[in-house]
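See below for the structure under consideration.
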Amino acid sequence: MASTLRTLEKTAKGALWHALGLLFSRRHKQRTPLDLSQIKSVLVVRPDRLGDVVLSTPVYESLKASIPGATVTALVDRPNAGVLADNPFVDHILPFDRKRPWRALRRLRQEKYDLAFTLNKTFSATASLLTFFSGARIKVGYRHPENAWMHDVTLPPDTLPRHEIENNLELLRILGLPNISTAPALYFNEQENQKVQNLLREERKHPDRPLVLIKPGTRVAEWGWQIRKFQKVTETLLRSEAAEVFIISGPGEENLIYDFMEGLKHKPFRLPQLPVRELACLMQYSDLLFCNHTGIMHLASAVQTPVLAIFKHGDIKRWGPYNNKNIVLEERTADSLPPEAVLKSIEQLLNREKSAISEPQNI
C-alpha cells in the first residue's frame, strides 16, 4: 500500500509540473555566451543544507569577478543565512523561511533580476519555484523533466561525477563568465575572531600540542561511525599526548555526547554549542577536524583546515572535502573500518612520526 501511495504521489507531482510547463513554457532559449554588459542584477537560489550553502560560495566570487558592478543576491534557507554574512561578494542575503514562504516570494517579486541561477543539480521543487517566481529575465539551471520549461539556459544533469562546487560553477561557465574561482570561503568579523581567541585562551590546557576537533554525531544515526570507535581514537590521542582534543556536538546530540564523555577515562574539552560562524572561525585556529560525512566538514574546507572524514554514505567525488588537505575513509559495510586506520590517518595529517600515537589498552 505504501509503495502504491508513493507511486501515485510521484505521478500527481509529475502531472502538476507538466501542467505548469504547458501554461508557462518559455518560447525561446537564450543564446550563449551572454552579453555580460547587460547584466546588472543576479539571483542565486540555493535553499538547502549548511554544506550546500558553503559550497556555493565560489559562485558569488566568480560572479563579482566576471560581472563588475552587478548586484548579487543569495537566497538560502533562513537557518543558513548567517553563513554568508560579511561575504564581500554577496550584496544581499534573502532568507527563505519555510513556514512563511510568502515573505521571500514577496521580496522576489519586488526585484527585477536580469539573471537567476537554480544551483541544484538534483531536482528541487522548492528551488525551482523560487527561481520561477523571481521573474528573472534569464534563468539558468540543470535540465529536468519537471522544470526544463522554465530555464532559458540548461545543462543535462547526467554529467561525469564531479564535485558539487564544479557542478555549481559549470552553470557559470556555460554562460561564458571569464573569471572563475573554485575555492569555498567564509569571512569573519573582529568580534567573532575575538570571541574564539578568548575561548581558546581560557580552555586550551596544552597549547603546545596540535588541536584536533572531533564530532562523533551525525544527522542520521546509521550514517555515523560507531561511538565506541570515536572514543578509542579520542582516548588514544589524549593518552599519548599527541594532540589536544575538543569535542563538537550538534543540536539534539546532548544524550549522545553525554554517553560519549562518560565512557572516557581521559576527558577532552566539550565545546559548548557555538553558532555556525563561530564554529567555523574556531576551525581556522585548529589543526584538524575529524568527523563523519556531515556539513561541518565543508566549514573546514572553507577555512583550509585539514579534514579526516568517514563516509558511510554518499558520493565522495561529489560531496567530499575540497580545497584543503584531507583524507576520506570509507566504511560502506558495518564495522569494517578499525580505529587503527583512523589513527594512522591522523598521524599523516598532523605530520607526526609513525610511532608517535600509541594505543591505550582495555578501552
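Each chain in the C-alpha cells gets a letter, A, B and so on, in the order shown; residues start at 1 in every chain, and ligands are counted from 1 in the order they appear.
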
(Q) I need the residues in region 77-320 of chain A that are helix (DSSP H, G or I) according to DSSP; give them as an NGL selection string. (A) :A and (78-84 or 101-110 or 125-134 or 148-150 or 164-173 or 190-203 or 221-223 or 227-239 or 254-262 or 276-283 or 296-302 or 316-319)

Q.
Using only C-alpha atoms, which protein or nucleic acid residues come within 10 Å of Lys215 (chain A)? Drop anything in the same chain fewer than 3 positions from it, and give the result as a list of chain:residue names.
A.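 Within the cut-off, the hits are A:Thr218, A:Phe230, A:Phe246, A:Ile247, A:Ile248, A:Ser249, A:Gly250, A:Ile257, A:Leu289, A:Phe290, A:Cys291, A:Asn292, A:Thr294, A:Ile296, A:Met297.
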
Would you output that residue set with N, CA and C atoms, as a PDB file, in the first residue's frame?
```
ATOM      1  N   THR A 218      26.074  12.597  14.010  1.00  0.00           N
ATOM      2  CA  THR A 218      25.692  12.822  12.615  1.00  0.00           C
ATOM      3  C   THR A 218      24.175  12.937  12.540  1.00  0.00           C
ATOM      4  N   PHE A 230      34.998   6.180  18.033  1.00  0.00           N
ATOM      5  CA  PHE A 230      35.378   7.574  18.282  1.00  0.00           C
ATOM      6  C   PHE A 230      36.012   7.714  19.667  1.00  0.00           C
ATOM      7  N   PHE A 246      39.100  18.790  21.322  1.00  0.00           N
ATOM      8  CA  PHE A 246      37.832  19.434  21.638  1.00  0.00           C
ATOM      9  C   PHE A 246      36.724  18.619  20.968  1.00  0.00           C
ATOM     10  N   ILE A 247      35.640  18.341  21.704  1.00  0.00           N
ATOM     11  CA  ILE A 247      34.517  17.581  21.165  1.00  0.00           C
ATOM     12  C   ILE A 247      33.411  18.536  20.736  1.00  0.00           C
ATOM     13  N   ILE A 248      32.920  18.341  19.513  1.00  0.00           N
ATOM     14  CA  ILE A 248      31.852  19.169  18.952  1.00  0.00           C
ATOM     15  C   ILE A 248      30.534  18.407  19.021  1.00  0.00           C
ATOM     16  N   SER A 249      29.478  19.085  19.387  1.00  0.00           N
ATOM     17  CA  SER A 249      28.146  18.482  19.357  1.00  0.00           C
ATOM     18  C   SER A 249      27.208  19.376  18.567  1.00  0.00           C
ATOM     19  N   GLY A 250      26.217  18.740  17.964  1.00  0.00           N
ATOM     20  CA  GLY A 250      25.213  19.479  17.218  1.00  0.00           C
ATOM     21  C   GLY A 250      23.879  19.454  17.942  1.00  0.00           C
ATOM     22  N   ILE A 257      26.466  12.796  23.306  1.00  0.00           N
ATOM     23  CA  ILE A 257      27.733  13.328  23.790  1.00  0.00           C
ATOM     24  C   ILE A 257      27.914  13.028  25.279  1.00  0.00           C
ATOM     25  N   LEU A 289      40.093  18.586  11.743  1.00  0.00           N
ATOM     26  CA  LEU A 289      38.719  18.214  12.059  1.00  0.00           C
ATOM     27  C   LEU A 289      38.535  16.753  11.703  1.00  0.00           C
ATOM     28  N   PHE A 290      38.045  15.965  12.662  1.00  0.00           N
ATOM     29  CA  PHE A 290      37.730  14.560  12.422  1.00  0.00           C
ATOM     30  C   PHE A 290      36.237  14.373  12.639  1.00  0.00           C
ATOM     31  N   CYS A 291      35.522  13.881  11.615  1.00  0.00           N
ATOM     32  CA  CYS A 291      34.068  13.777  11.702  1.00  0.00           C
ATOM     33  C   CYS A 291      33.539  12.760  10.717  1.00  0.00           C
ATOM     34  N   ASN A 292      32.248  12.471  10.845  1.00  0.00           N
ATOM     35  CA  ASN A 292      31.534  11.713   9.824  1.00  0.00           C
ATOM     36  C   ASN A 292      31.295  12.608   8.611  1.00  0.00           C
ATOM     37  N   THR A 294      29.436  14.918   7.252  1.00  0.00           N
ATOM     38  CA  THR A 294      28.439  15.900   7.669  1.00  0.00           C
ATOM     39  C   THR A 294      28.804  17.261   7.094  1.00  0.00           C
ATOM     40  N   ILE A 296      29.602  20.036   8.421  1.00  0.00           N
ATOM     41  CA  ILE A 296      30.651  20.867   9.007  1.00  0.00           C
ATOM     42  C   ILE A 296      32.015  20.613   8.384  1.00  0.00           C
ATOM     43  N   MET A 297      32.182  19.484   7.699  1.00  0.00           N
ATOM     44  CA  MET A 297      33.488  19.282   7.056  1.00  0.00           C
ATOM     45  C   MET A 297      33.704  20.321   5.956  1.00  0.00           C
TER      46      MET A 297
END
```

Q.
Just checking: using only C-alpha atoms, which residue out of A:Met283, A:Val140, A:Leu329, A:Leu274 ends up closest to Asn168 (chain A)?
A.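 Once distances to Asn168 (chain A) are computed over only C-alpha atoms, the minimum belongs to A:Val140.
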
**Q.** Interatomic distance, CA of Val45 (chain A) to CA of Phe117 (chain A) (Å, one decimal)
**A.** 6.0 Å

Contacts of Arg204 (chain A) within 10 Å, only C-alpha atoms, excl. fewer than 6 positions in-chain, as a compact mmCIF listing (two decimals) with C-alpha atoms, in the first residue's frame:
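Just written: around32.txt:
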```txt
# COMPACT_ATOMS: atom_id res chain seq x y z
CA LEU A 211 44.34 20.97 18.37
CA GLU A 244 44.60 18.28 22.50
CA VAL A 245 41.00 17.34 21.70
CA PHE A 246 37.83 19.43 21.64
CA PHE A 269 37.07 19.55 26.45
```

Q. For Arg162 (chain A), which residue among A:Arg219, A:Arg143, A:Lys121, A:Lys99 is the nearest when counting only C-alpha atoms?
A. A:Lys121

Q: Show which residues sit within 12 Å of Thr32 (chain A), as a VMD selection string. Count only C-alpha atoms, and ignore same-chain residues fewer than 6 positions away.
A: chain A and resid 138 140 152 to 154 171 to 177

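Residue nearest Asn189 (chain A) within the list A:Ala136, A:Cys281, A:Glu235, A:Thr131: A:Cys281 [criterion: smallest interatomic distance, only C-alpha atoms].
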
**Q.** Interatomic distance, CA of Lys205 (chain A) to CA of Ala302 (chain A) (Å, one decimal)
**A.**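 Going from CA of Lys205 (chain A) over to CA of Ala302 (chain A), I get 26.8 Å.
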
Q) So what do you get for CA of Gln197 (chain A) versus CA of Gln284 (chain A), distance-wise? A) 10.8 Å

Q.
Taking only C-alpha atoms into account, name the residue in A:Leu349, A:Glu170, A:Phe260, A:Leu213 that is nearest to Ile227 (chain A).
A. A:Phe260

Q | Of the listed residues A:Ala104, A:Val342, A:Ile39, A:Leu186, that which approaches Val90 (chain A) most closely, counting only C-alpha atoms | A |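 Comparing A:Ala104, A:Val342, A:Ile39, A:Leu186 against Val90 (chain A), the winner is A:Leu186.
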
Q. Where does DSSP see strand (DSSP E or B) in region 181-334 of chain A, if you list the residues as a PyMOL selection string?
A. chain A and resi 211-215+244-247+269-270+288-292+307-311+326-330

Q. Nearest to Pro207 (chain A) among A:Gln348, A:Thr73, A:Ser286, A:Asn324, with distances taken over only C-alpha atoms: which residue is it?
A. A:Ser286
